[in-house]
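Participant: So I've got this file, model06.cif, and it contains mmCIF, C-alpha atoms:
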```cif
data_structure
#
loop_
_atom_site.label_atom_id
_atom_site.label_comp_id
_atom_site.auth_asym_id
_atom_site.auth_seq_id
_atom_site.Cartn_x
_atom_site.Cartn_y
_atom_site.Cartn_z
CA MET A 7 27.72 123.34 -62.34
CA LYS A 8 24.10 123.01 -61.34
CA VAL A 9 23.56 120.77 -58.34
CA THR A 10 20.16 119.57 -57.17
CA ILE A 11 20.14 118.22 -53.62
CA LEU A 12 17.38 115.75 -52.88
CA PRO A 13 14.88 115.15 -51.33
CA ALA A 14 13.94 118.85 -51.11
CA ARG A 15 15.42 119.51 -54.62
CA GLU A 16 17.44 122.44 -53.30
CA LEU A 17 19.35 124.09 -56.18
CA ARG A 18 23.00 125.11 -55.77
CA GLU A 19 25.70 126.38 -58.12
CA VAL A 20 29.02 124.72 -57.20
CA ASP A 21 32.55 124.87 -58.68
CA ALA A 22 34.24 121.47 -58.47
CA GLY A 23 36.60 119.55 -60.73
CA ASP A 24 35.34 116.10 -59.81
CA VAL A 25 32.72 114.29 -57.71
CA GLY A 26 34.97 114.03 -54.64
CA GLN A 27 35.60 117.78 -54.72
CA LEU A 28 31.89 118.44 -55.19
CA LEU A 29 31.01 116.51 -52.01
CA LYS A 30 33.81 118.27 -50.13
CA ALA A 31 32.55 121.66 -51.33
CA LEU A 32 29.08 120.74 -50.04
CA ASN A 33 30.61 119.46 -46.78
CA PHE A 34 28.97 116.06 -47.36
CA HIS A 35 30.46 112.69 -46.35
CA GLN A 36 31.14 110.33 -49.27
CA ASP A 37 29.36 107.46 -47.53
CA ALA A 38 26.19 109.48 -46.99
CA TYR A 39 25.41 110.52 -50.59
CA LEU A 40 25.20 109.32 -54.18
CA VAL A 41 26.00 111.72 -57.02
CA ILE A 42 23.95 111.06 -60.14
CA ARG A 43 24.23 112.51 -63.64
CA SER A 44 21.73 111.53 -66.35
CA ASP A 45 20.47 108.50 -64.34
CA GLU A 46 24.03 107.27 -63.83
CA ILE A 47 25.80 107.00 -60.47
CA LEU A 48 29.24 108.62 -60.53
CA THR A 49 32.34 107.50 -58.63
CA ARG A 50 34.34 110.17 -56.77
CA ASP A 51 37.05 110.44 -59.45
CA VAL A 52 34.67 111.35 -62.31
CA ARG A 53 35.57 114.75 -63.82
CA LEU A 54 32.80 117.32 -63.87
CA LYS A 55 32.29 120.21 -66.29
CA SER A 56 30.83 123.60 -65.48
CA THR A 57 27.95 122.79 -67.84
CA ASP A 58 27.04 119.55 -65.98
CA ALA A 59 23.81 119.15 -64.03
CA VAL A 60 24.03 116.59 -61.23
CA GLU A 61 21.77 115.37 -58.45
CA VAL A 62 22.95 114.55 -54.94
CA TRP A 63 20.88 111.85 -53.21
CA PRO A 64 21.10 111.28 -49.45
CA VAL A 65 21.33 107.63 -48.43
CA ILE A 66 21.01 107.92 -44.65
CA SER A 67 17.80 106.99 -42.87
CA GLY A 68 17.27 107.18 -39.15
CA GLY A 69 14.93 107.02 -36.20
CA CYS A 70 13.38 103.66 -35.51
CA ARG A 71 14.22 100.97 -38.08
CA MET B 6 37.94 104.15 -61.73
CA ARG B 7 37.25 100.82 -63.45
CA CYS B 8 34.94 97.91 -62.61
CA ILE B 9 37.04 95.19 -60.99
CA ARG B 10 35.05 92.55 -62.90
CA CYS B 11 34.77 93.79 -66.50
CA LYS B 12 37.08 96.86 -66.53
CA ALA B 13 34.28 99.13 -67.82
CA PRO B 14 34.02 102.60 -66.23
CA ALA B 15 32.81 102.09 -62.66
CA ASN B 16 29.62 103.51 -61.17
CA VAL B 17 29.76 102.34 -57.57
CA GLU B 18 32.85 102.37 -55.41
CA VAL B 19 32.93 100.19 -52.28
CA ARG B 20 35.84 101.77 -50.46
CA ARG B 21 35.93 99.37 -47.51
CA HIS B 22 36.48 96.49 -49.98
CA ARG B 23 38.82 98.55 -52.20
CA SER B 24 36.47 97.66 -55.06
CA ALA B 25 34.37 99.37 -57.71
CA PHE B 26 31.71 98.03 -60.07
CA CYS B 27 29.93 99.17 -63.20
CA ALA B 28 26.12 99.34 -63.21
CA ALA B 29 25.91 95.98 -65.02
CA CYS B 30 28.15 94.08 -62.57
CA TYR B 31 27.07 95.78 -59.33
CA PRO B 32 23.69 94.06 -58.74
CA GLY B 33 25.35 90.66 -59.03
CA TRP B 34 28.00 91.63 -56.46
CA PHE B 35 25.30 93.00 -54.12
CA ARG B 36 23.13 89.88 -54.32
CA ASN B 37 26.19 87.70 -53.86
CA GLN B 38 26.93 89.56 -50.62
CA VAL B 39 23.33 88.98 -49.46
CA GLU B 40 23.49 85.30 -50.40
CA ARG B 41 26.80 84.81 -48.58
CA THR B 42 25.46 86.52 -45.46
CA ILE B 43 22.35 84.32 -45.45
CA ALA B 44 24.48 81.19 -45.85
CA ASP B 45 27.25 82.18 -43.40
CA GLU B 46 24.76 83.02 -40.66
CA GLY B 47 22.38 80.12 -41.47
CA MET B 48 19.51 82.61 -41.75
CA PHE B 49 17.06 80.60 -43.90
CA ASN B 50 16.85 78.42 -47.00
CA ARG B 51 14.78 78.34 -50.18
CA ASP B 52 12.20 75.97 -48.68
CA GLN B 53 11.32 78.41 -45.92
CA ARG B 54 8.84 81.30 -46.02
CA VAL B 55 10.31 84.72 -45.31
CA LEU B 56 8.31 87.77 -44.20
CA VAL B 57 10.15 90.96 -45.17
CA ALA B 58 9.43 94.01 -42.99
CA ILE B 59 8.74 96.77 -45.51
CA SER B 60 9.01 100.50 -44.76
CA GLY B 61 8.94 101.77 -48.35
CA GLY B 62 12.58 102.92 -48.01
CA LYS B 63 15.63 101.74 -49.96
CA ASP B 64 16.80 99.04 -47.54
CA SER B 65 13.61 97.04 -47.14
CA LEU B 66 12.70 97.23 -50.83
CA ALA B 67 16.26 96.41 -51.95
CA LEU B 68 16.20 93.42 -49.59
CA TRP B 69 12.85 92.17 -50.89
CA HIS B 70 14.04 92.62 -54.49
CA ALA B 71 17.34 90.82 -53.85
CA LEU B 72 15.68 87.89 -52.05
CA LEU B 73 13.23 87.37 -54.92
CA GLU B 74 16.03 87.60 -57.51
CA LEU B 75 17.94 84.99 -55.50
CA GLY B 76 14.93 82.65 -55.62
CA TYR B 77 13.72 82.89 -52.02
CA SER B 78 10.04 82.74 -51.09
CA ALA B 79 9.45 86.21 -49.62
CA ASP B 80 6.27 88.16 -48.87
CA GLY B 81 6.18 91.71 -47.54
CA MET B 82 4.53 93.38 -44.59
CA TYR B 83 3.87 97.09 -44.17
CA ILE B 84 2.53 98.91 -41.08
CA ARG B 85 0.46 102.05 -41.61
CA LEU B 86 1.97 104.17 -38.85
CA GLY B 87 -0.12 107.29 -39.50
CA ILE B 88 2.82 109.72 -39.86
CA GLY B 89 1.09 112.18 -42.23
CA ASN B 90 2.41 112.55 -45.78
CA TYR B 91 5.44 110.44 -44.98
CA SER B 92 3.25 107.40 -44.27
CA GLN B 93 1.14 108.03 -47.37
CA HIS B 94 4.25 108.18 -49.57
CA SER B 95 5.90 105.15 -47.98
CA GLN B 96 2.69 103.11 -48.26
CA ALA B 97 2.43 104.09 -51.94
CA ALA B 98 6.06 102.99 -52.52
CA ALA B 99 5.45 99.63 -50.80
CA GLU B 100 2.19 99.01 -52.68
CA HIS B 101 3.71 100.09 -55.99
CA PHE B 102 6.64 97.69 -55.57
CA ALA B 103 4.36 94.78 -54.65
CA GLY B 104 1.64 95.60 -57.21
CA LYS B 105 4.07 95.93 -60.12
CA ARG B 106 5.50 92.48 -59.41
CA GLY B 107 2.32 90.72 -58.25
CA LEU B 108 3.69 90.14 -54.73
CA ARG B 109 1.83 89.59 -51.48
CA LEU B 110 2.00 92.59 -49.13
CA HIS B 111 0.34 92.19 -45.72
CA GLN B 112 -0.70 95.42 -44.05
CA VAL B 113 -1.63 96.50 -40.54
CA ASP B 114 -3.40 99.85 -40.06
CA LEU B 115 -2.74 101.16 -36.54
CA LYS B 116 -5.49 103.79 -36.66
CA GLU B 117 -8.17 101.51 -38.07
CA GLU B 118 -7.31 98.36 -36.15
CA TYR B 119 -5.87 99.69 -32.89
CA GLY B 120 -7.13 103.28 -32.62
CA PHE B 121 -3.83 105.16 -32.44
CA VAL B 122 -1.07 106.54 -34.67
CA VAL B 123 2.67 106.77 -34.01
CA PRO B 124 2.88 110.59 -33.58
CA GLN B 125 0.65 110.14 -30.49
CA LEU B 126 3.37 108.02 -28.90
CA ARG B 127 5.86 110.88 -28.47
CA ASN B 128 8.08 110.49 -25.45
CA GLN B 129 7.31 113.45 -23.18
CA ARG B 130 11.00 114.03 -22.30
CA GLU B 131 12.56 113.68 -25.76
CA GLY B 132 9.50 114.63 -27.81
CA LYS B 133 10.14 111.68 -30.15
CA PRO B 134 8.16 108.49 -30.72
CA CYS B 135 11.09 106.54 -32.27
CA ALA B 136 11.49 104.06 -29.38
CA ALA B 137 7.72 103.47 -29.19
CA CYS B 138 7.59 103.12 -32.99
CA GLY B 139 10.22 100.38 -32.70
CA THR B 140 8.07 98.57 -30.13
CA VAL B 141 5.03 98.84 -32.43
CA LYS B 142 6.95 97.47 -35.41
CA ARG B 143 8.56 94.58 -33.53
CA TYR B 144 5.19 93.63 -32.03
CA HIS B 145 3.22 93.57 -35.28
CA PHE B 146 5.89 92.05 -37.51
CA ASN B 147 6.31 89.26 -34.97
CA LYS B 148 2.58 88.72 -34.51
CA VAL B 149 1.81 88.54 -38.23
CA ALA B 150 4.77 86.24 -38.88
CA VAL B 151 3.71 83.81 -36.14
CA ASP B 152 -0.03 83.99 -36.91
CA LEU B 153 0.55 83.33 -40.63
CA GLY B 154 3.21 80.67 -40.17
CA TYR B 155 6.27 82.40 -41.62
CA ASP B 156 9.60 80.80 -40.71
CA VAL B 157 11.48 84.03 -40.31
CA VAL B 158 11.14 87.84 -40.32
CA ALA B 159 13.80 89.62 -42.39
CA THR B 160 14.50 93.31 -41.83
CA GLY B 161 16.53 95.75 -43.94
CA HIS B 162 18.94 96.78 -41.16
CA ASN B 163 22.24 97.56 -42.85
CA LEU B 164 25.85 97.86 -41.72
CA VAL B 165 25.48 101.54 -40.83
CA ASP B 166 22.27 100.97 -38.85
CA GLU B 167 23.94 98.19 -36.92
CA ALA B 168 27.19 100.10 -36.35
CA ALA B 169 25.21 103.15 -35.14
CA THR B 170 23.14 100.98 -32.79
CA LEU B 171 26.32 99.41 -31.45
CA PHE B 172 27.89 102.85 -31.04
CA GLY B 173 24.86 104.09 -29.08
CA ASN B 174 24.75 100.98 -26.92
CA VAL B 175 28.46 101.31 -26.13
CA ILE B 176 28.16 105.01 -25.29
CA HIS B 177 25.36 104.24 -22.84
CA TRP B 178 26.80 100.84 -21.83
CA GLN B 179 23.51 99.07 -22.50
CA THR B 180 24.96 95.65 -21.78
CA ASP B 181 21.59 93.87 -22.15
CA PHE B 182 21.17 95.27 -25.65
CA LEU B 183 24.83 94.64 -26.51
CA GLY B 184 24.48 90.98 -25.54
CA ARG B 185 21.48 90.58 -27.84
CA GLN B 186 22.70 92.58 -30.86
CA GLY B 187 23.42 90.45 -33.89
CA PRO B 188 22.32 89.48 -37.39
CA VAL B 189 20.18 86.57 -36.15
CA LEU B 190 17.78 86.66 -33.23
CA GLU B 191 16.72 83.10 -32.51
CA SER B 192 13.18 82.22 -31.50
CA THR B 193 13.06 81.30 -27.82
CA HIS B 194 9.28 80.89 -27.58
CA PRO B 195 6.62 79.39 -29.91
CA LYS B 196 5.10 82.87 -30.33
CA LEU B 197 8.41 84.55 -31.05
CA ALA B 198 9.46 84.59 -34.70
CA ARG B 199 13.10 84.18 -35.69
CA LYS B 200 14.50 87.51 -36.92
CA VAL B 201 17.35 88.06 -39.37
CA LYS B 202 19.19 90.98 -40.99
CA PRO B 203 20.57 89.84 -44.37
CA LEU B 204 21.92 93.34 -45.23
CA TYR B 205 24.01 93.78 -42.10
CA ARG B 206 27.30 93.63 -44.00
CA LEU B 207 26.19 96.14 -46.66
CA ALA B 208 26.39 99.90 -46.15
CA GLU B 209 23.51 102.32 -46.66
CA ARG B 210 25.24 103.66 -49.75
CA ASP B 211 25.43 100.11 -51.15
CA THR B 212 21.69 99.51 -50.76
CA ALA B 213 20.85 102.95 -52.17
CA ALA B 214 23.06 102.26 -55.21
CA TYR B 215 21.37 98.87 -55.69
CA ALA B 216 17.93 100.47 -55.53
CA VAL B 217 18.91 103.18 -58.04
CA ILE B 218 20.50 100.73 -60.50
CA GLU B 219 17.59 98.27 -60.24
CA ARG B 220 15.15 101.19 -60.67
CA ILE B 221 13.36 100.44 -57.41
CA GLU B 222 11.07 103.36 -56.60
CA TYR B 223 11.61 103.97 -52.91
CA ILE B 224 10.71 106.83 -50.60
CA LEU B 225 13.68 109.18 -50.37
CA GLU B 226 12.33 111.53 -47.74
CA GLU B 227 13.28 111.00 -44.13
CA CYS B 228 10.71 110.18 -41.47
CA PRO B 229 9.80 113.61 -40.01
CA MET B 230 9.71 112.07 -36.54
CA ALA B 231 13.40 111.10 -36.87
CA VAL B 232 14.75 114.64 -37.39
CA GLY B 233 17.39 115.13 -34.69
CA ALA B 234 17.29 111.45 -33.68
CA LYS B 235 20.38 110.20 -31.87
CA SER B 236 20.79 107.38 -34.40
CA LEU B 237 21.37 110.01 -37.12
CA GLU B 238 23.98 111.76 -34.98
CA TYR B 239 25.78 108.46 -34.42
CA LYS B 240 25.74 107.73 -38.15
CA ASP B 241 27.14 111.16 -38.89
CA ALA B 242 29.96 110.65 -36.39
CA LEU B 243 30.77 107.20 -37.82
CA ASN B 244 30.67 108.51 -41.40
CA ALA B 245 33.08 111.31 -40.43
CA LEU B 246 35.52 108.67 -39.14
CA GLU B 247 34.93 106.43 -42.17
CA GLU B 248 35.86 109.32 -44.47
CA ARG B 249 39.47 109.06 -43.27
CA GLN B 250 39.46 105.37 -42.32
CA PRO B 251 37.54 103.36 -44.94
CA GLY B 252 36.19 100.15 -43.42
CA LEU B 253 36.01 101.51 -39.87
CA LYS B 254 32.26 100.82 -39.44
CA HIS B 255 32.68 97.29 -40.78
CA ARG B 256 35.61 96.58 -38.46
CA PHE B 257 33.74 98.08 -35.50
CA LEU B 258 30.62 95.95 -36.05
CA VAL B 259 32.17 92.69 -37.25
CA GLY B 260 34.86 92.93 -34.58
CA PHE B 261 32.20 93.26 -31.93
CA LEU B 262 30.19 90.32 -33.28
CA ARG B 263 33.31 88.13 -33.47
CA ASN B 264 35.10 89.13 -30.29
CA GLY B 265 33.11 91.48 -28.09
CA ARG B 266 29.60 90.05 -27.89
CA GLN B 267 30.56 86.78 -26.25
CA ALA B 268 32.29 88.64 -23.44
CA ILE B 269 29.18 90.69 -22.74
CA ARG B 270 26.47 88.05 -23.10
CA SER B 271 24.69 87.34 -19.87
CA ALA B 272 25.08 83.80 -18.55
CA ALA B 273 21.53 83.77 -17.23
CA PRO B 274 18.92 82.90 -19.90
CA VAL B 275 16.01 85.33 -20.23
CA GLU B 276 12.67 83.77 -19.31
CA ILE B 277 9.96 84.38 -21.94
CA ARG B 278 6.31 84.21 -20.94
CA GLU B 279 3.02 85.28 -22.50
CA CYS B 280 1.64 88.77 -21.88
CA ARG B 281 -1.29 88.82 -19.48
CA GLU B 282 -3.15 91.23 -21.76
CA CYS B 283 -2.51 90.11 -25.34
CA GLY B 284 -0.80 86.72 -25.09
CA GLN B 285 2.27 87.84 -27.06
CA PRO B 286 5.73 86.83 -25.77
CA THR B 287 7.40 89.09 -23.23
CA THR B 288 9.90 89.01 -20.40
CA GLY B 289 7.49 90.67 -17.94
CA GLU B 290 3.88 90.20 -16.82
CA VAL B 291 2.63 92.66 -19.44
CA CYS B 292 4.47 93.29 -22.72
CA SER B 293 5.96 96.69 -23.57
CA TYR B 294 3.38 97.18 -26.34
CA CYS B 295 0.42 96.77 -23.97
CA ARG B 296 2.13 98.92 -21.31
CA MET B 297 2.67 101.64 -23.87
CA ARG B 298 -0.96 101.52 -25.05
CA GLU B 299 -2.21 101.61 -21.46
CA ARG B 300 0.00 104.64 -20.69
CA LYS B 301 -1.35 106.42 -23.74
CA ARG B 302 -4.95 105.55 -22.84
CA ARG B 303 -4.48 106.99 -19.33
CA GLN B 304 -2.87 110.15 -20.69
CA LEU B 305 -5.78 110.70 -23.08
CA GLU B 306 -8.33 110.10 -20.29
CA ALA B 307 -6.49 112.54 -18.00
CA ARG B 308 -6.45 115.17 -20.75
CA LYS B 309 -10.18 114.68 -21.39
CA ALA B 310 -10.91 114.98 -17.68
CA ALA B 311 -8.79 118.14 -17.38
CA ALA B 312 -10.60 119.67 -20.36
CA GLY B 313 -13.84 119.09 -18.52
#
```
Would you encode the structure as structure tokens?
Facilitator:
Amino acid sequence: MKVTILPARELREVDAGDVGQLLKALNFHQDAYLVIRSDEILTRDVRLKSTDAVEVWPVISGGCR
Amino acid sequence: MRCIRCKAPANVEVRRHRSAFCAACYPGWFRNQVERTIADEGMFNRDQRVLVAISGGKDSLALWHALLELGYSADGMYIRLGIGNYSQHSQAAAEHFAGKRGLRLHQVDLKEEYGFVVPQLRNQREGKPCAACGTVKRYHFNKVAVDLGYDVVATGHNLVDEAATLFGNVIHWQTDFLGRQGPVLESTHPKLARKVKPLYRLAERDTAAYAVIERIEYILEECPMAVGAKSLEYKDALNALEERQPGLKHRFLVGFLRNGRQAIRSAAPVEIRECRECGQPTTGEVCSYCRMRERKRRQLEARKAAAG
């Protein structure tokens, strides 16, 4: 499936059966990202198809708060 | 996964609570968490005026949104830090949020009003201005709150920020900081505003999900000055542990606040006086903000002199 990683909008092609597997394949922690398909946030058990296009949004901010 | 409230397909899982919510039920759960935190910690009430420290990121805007939805009287304050495109984008996000809803957003422009920008405050050893940026923010948020008569300053610090700060303070055994860390910082001087963190029990992922579902347009890019910051390394380490032990960050932070902080708190009260230079509250003769500005002024003068 097509994966767009924000904020740089880096494009990746990833094979994964569900959202949890997608984050594992990207080596991303579950607590550090949201996976979004068609404006909808997906939980880690949602099945993904090879034709899906999803976005991965980072949620971590750092430095001085 | 199903929403624990309405059994519709879930959108947001909150693993540490073994819960999941659909997009319709989630904002209510989030605001309920904020409301409970405010009540449990006695942070403020609906008759008081709250100044929300706004960065343009998800946490501060989600906090401002939630407080308004809950019926609190909350204005925003944004500091123009002068960090290139990042500051332009974050200012635009803050102004867009306030303008769209007709809210009051106070602003301080460091360059225009004080003659410097945050990138000039880089620490010569670490090459980062993050600590100095924190001093700048604390100084101006406090000053504006006191000058304009707000009852309290609310910041968007979340569970992960607080757990990472605690982690860093433990690693370096910063007992002074450990003794002071908490969701409420009481005012101990007439010129020192009360400070609260209503999101401290909510994770970064929770506030991001709230912002996405409520269609809050926040700045997604990271502050370029924070790349490689220790706080990000601590968060990464904690998130790696959380992956296998859901709820670890919550237990670490809440356990410290309940059991650890009392043991560390210094018995001797800290004396607060007014800075000789600017009159703002400080523990020394001259506050850290004025010391920092003076250091920078001397550095610039020395550079000018060396350049001839």
Participant: One decimal, Å: what's the distance from atom CA of Val151 of chain B over to atom CA of Gly76 of chain B, could you say?
Facilitator: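 So the answer is 22.5 Å.
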Participant: What lies within 12 Å of Arg249 of chain B using all atoms listed in the file, ignoring chain neighbours under 3 positions off, as a ChimeraX atom specification?
Facilitator: /A:35-37 /B:20-21,242-246,252-254
Participant: Name every residue that the PyMOL selection byres ((chain B) within 7 of (chain A)) selects in this structure, writing the answer as a CSV table (one decimal) with C-alpha atoms, keeping the file's coordinate frame with chains first and numbers rising.
Facilitator:
```
chain,number,residue,atom,x,y,z
B,6,MET,CA,37.9,104.2,-61.7
B,15,ALA,CA,32.8,102.1,-62.7
B,16,ASN,CA,29.6,103.5,-61.2
B,17,VAL,CA,29.8,102.3,-57.6
B,18,GLU,CA,32.8,102.4,-55.4
B,135,CYS,CA,11.1,106.5,-32.3
B,136,ALA,CA,11.5,104.1,-29.4
B,138,CYS,CA,7.6,103.1,-33.0
B,139,GLY,CA,10.2,100.4,-32.7
B,209,GLU,CA,23.5,102.3,-46.7
B,210,ARG,CA,25.2,103.7,-49.8
B,213,ALA,CA,20.8,103.0,-52.2
B,225,LEU,CA,13.7,109.2,-50.4
B,226,GLU,CA,12.3,111.5,-47.7
B,227,GLU,CA,13.3,111.0,-44.1
B,231,ALA,CA,13.4,111.1,-36.9
B,234,ALA,CA,17.3,111.4,-33.7
B,236,SER,CA,20.8,107.4,-34.4
B,237,LEU,CA,21.4,110.0,-37.1
B,244,ASN,CA,30.7,108.5,-41.4
B,245,ALA,CA,33.1,111.3,-40.4
B,248,GLU,CA,35.9,109.3,-44.5
```
Participant: List the spatial neighbours of segment 99-116 of chain B as a PyMOL selection string - criterion: any atom at most 6 Å away, only C-alpha atoms, same-chain residues fewer than 4 positions off excluded.
Facilitator: chain B and resi 61+80-85+120-122
Participant: Using all atoms listed in the file, which residues sit within 9 Å of Asn50 of chain B once same-chain residues fewer than 6 positions away are excluded, as a ChimeraX atom specification?
Facilitator: /B:43-44,77
Participant: When you draw a straight line from atom CA of Ile11 of chain A to atom CA of Val60 of chain A, how long is it in Å?
Facilitator: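 A separation of 8.7 Å between them.
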Participant: Apply the PyMOL selection byres ((chain A and resi 9) around 10) to the file shown and report the selected residues as a PDB file with C-alpha atoms, keeping the file's coordinate frame.
Facilitator:
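Generated output (out-v1.pdb):
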```
ATOM      1  CA  MET A   7      27.720 123.340 -62.340  1.00  0.00           C
ATOM      2  CA  LYS A   8      24.100 123.010 -61.340  1.00  0.00           C
ATOM      3  CA  THR A  10      20.160 119.570 -57.170  1.00  0.00           C
ATOM      4  CA  ILE A  11      20.140 118.220 -53.620  1.00  0.00           C
ATOM      5  CA  LEU A  12      17.380 115.750 -52.880  1.00  0.00           C
ATOM      6  CA  ARG A  15      15.420 119.510 -54.620  1.00  0.00           C
ATOM      7  CA  GLU A  16      17.440 122.440 -53.300  1.00  0.00           C
ATOM      8  CA  LEU A  17      19.350 124.090 -56.180  1.00  0.00           C
ATOM      9  CA  ARG A  18      23.000 125.110 -55.770  1.00  0.00           C
ATOM     10  CA  GLU A  19      25.700 126.380 -58.120  1.00  0.00           C
ATOM     11  CA  VAL A  20      29.020 124.720 -57.200  1.00  0.00           C
ATOM     12  CA  ASP A  21      32.550 124.870 -58.680  1.00  0.00           C
ATOM     13  CA  LEU A  28      31.890 118.440 -55.190  1.00  0.00           C
ATOM     14  CA  LEU A  32      29.080 120.740 -50.040  1.00  0.00           C
ATOM     15  CA  VAL A  41      26.000 111.720 -57.020  1.00  0.00           C
ATOM     16  CA  ILE A  42      23.950 111.060 -60.140  1.00  0.00           C
ATOM     17  CA  ARG A  43      24.230 112.510 -63.640  1.00  0.00           C
ATOM     18  CA  ASP A  58      27.040 119.550 -65.980  1.00  0.00           C
ATOM     19  CA  ALA A  59      23.810 119.150 -64.030  1.00  0.00           C
ATOM     20  CA  VAL A  60      24.030 116.590 -61.230  1.00  0.00           C
ATOM     21  CA  GLU A  61      21.770 115.370 -58.450  1.00  0.00           C
ATOM     22  CA  VAL A  62      22.950 114.550 -54.940  1.00  0.00           C
TER      23      VAL A  62
END
```
Participant: May I have the residues within 9 Å of Gly23 of chain A as a PyMOL selection string, using all atoms listed in the file and disregarding those fewer than 4 positions away in the same chain?
Facilitator: chain A and resi 27-28+52-56
Participant: Please report the interatomic distance between atom CA of Cys283 of chain B and atom CA of Val189 of chain B in Å with one decimal.
Facilitator: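 About the pair atom CA of Cys283 of chain B and atom CA of Val189 of chain B: they are 25.4 Å apart.
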Participant: Which one of B:Arg298, B:Arg36, B:Arg185, B:Arg23 sits closest to Arg270 of chain B if you count all atoms listed in the file?
Facilitator: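 Smallest distance to Arg270 of chain B is found for B:Arg185.
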Participant: Let me have the centre and edge lengths in Å, one decimal, of the box along x, y and z around every listed atom of segment 13-17 of chain A with 8 Å of margin on each side, as AutoDock Vina command-line options.
Facilitator:
```
--center_x 16.6 --center_y 119.6 --center_z -53.6 --size_x 21.4 --size_y 24.9 --size_z 21.1
```
Participant: With N, CA and C atoms as the target, complete segment 281-296 of chain B and hand it back as a compact mmCIF listing (two decimals), in the coordinates of the input.
Facilitator:
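Written out: out.txt:
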```txt
# COMPACT_ATOMS: atom_id res chain seq x y z
N ARG B 281 0.01 89.01 -20.13
CA ARG B 281 -1.29 88.82 -19.48
C ARG B 281 -2.43 89.45 -20.29
N GLU B 282 -2.11 90.50 -21.03
CA GLU B 282 -3.15 91.23 -21.76
C GLU B 282 -3.41 90.67 -23.16
N CYS B 283 -2.32 90.45 -23.92
CA CYS B 283 -2.51 90.11 -25.34
C CYS B 283 -2.01 88.72 -25.71
N GLY B 284 -1.27 88.08 -24.81
CA GLY B 284 -0.80 86.72 -25.09
C GLY B 284 0.49 86.66 -25.90
N GLN B 285 1.02 87.84 -26.29
CA GLN B 285 2.27 87.84 -27.06
C GLN B 285 3.46 87.63 -26.13
N PRO B 286 4.59 87.12 -26.65
CA PRO B 286 5.73 86.83 -25.77
C PRO B 286 6.36 88.08 -25.18
N THR B 287 6.79 87.95 -23.94
CA THR B 287 7.40 89.09 -23.23
C THR B 287 8.25 88.57 -22.09
N THR B 288 9.10 89.42 -21.55
CA THR B 288 9.90 89.01 -20.40
C THR B 288 9.21 89.40 -19.09
N GLY B 289 8.18 90.26 -19.16
CA GLY B 289 7.49 90.67 -17.94
C GLY B 289 6.07 90.12 -17.88
N GLU B 290 5.28 90.61 -16.94
CA GLU B 290 3.88 90.20 -16.82
C GLU B 290 3.08 90.71 -18.01
N VAL B 291 3.33 92.00 -18.33
CA VAL B 291 2.63 92.66 -19.44
C VAL B 291 3.69 93.14 -20.43
N CYS B 292 3.45 92.93 -21.73
CA CYS B 292 4.47 93.29 -22.72
C CYS B 292 4.58 94.81 -22.86
N SER B 293 5.70 95.25 -23.46
CA SER B 293 5.96 96.69 -23.57
C SER B 293 4.91 97.35 -24.47
N TYR B 294 4.40 96.62 -25.45
CA TYR B 294 3.38 97.18 -26.34
C TYR B 294 2.09 97.49 -25.56
N CYS B 295 1.64 96.55 -24.75
CA CYS B 295 0.42 96.77 -23.97
C CYS B 295 0.63 97.84 -22.90
N ARG B 296 1.83 97.86 -22.30
CA ARG B 296 2.13 98.92 -21.31
C ARG B 296 2.07 100.29 -21.96
```
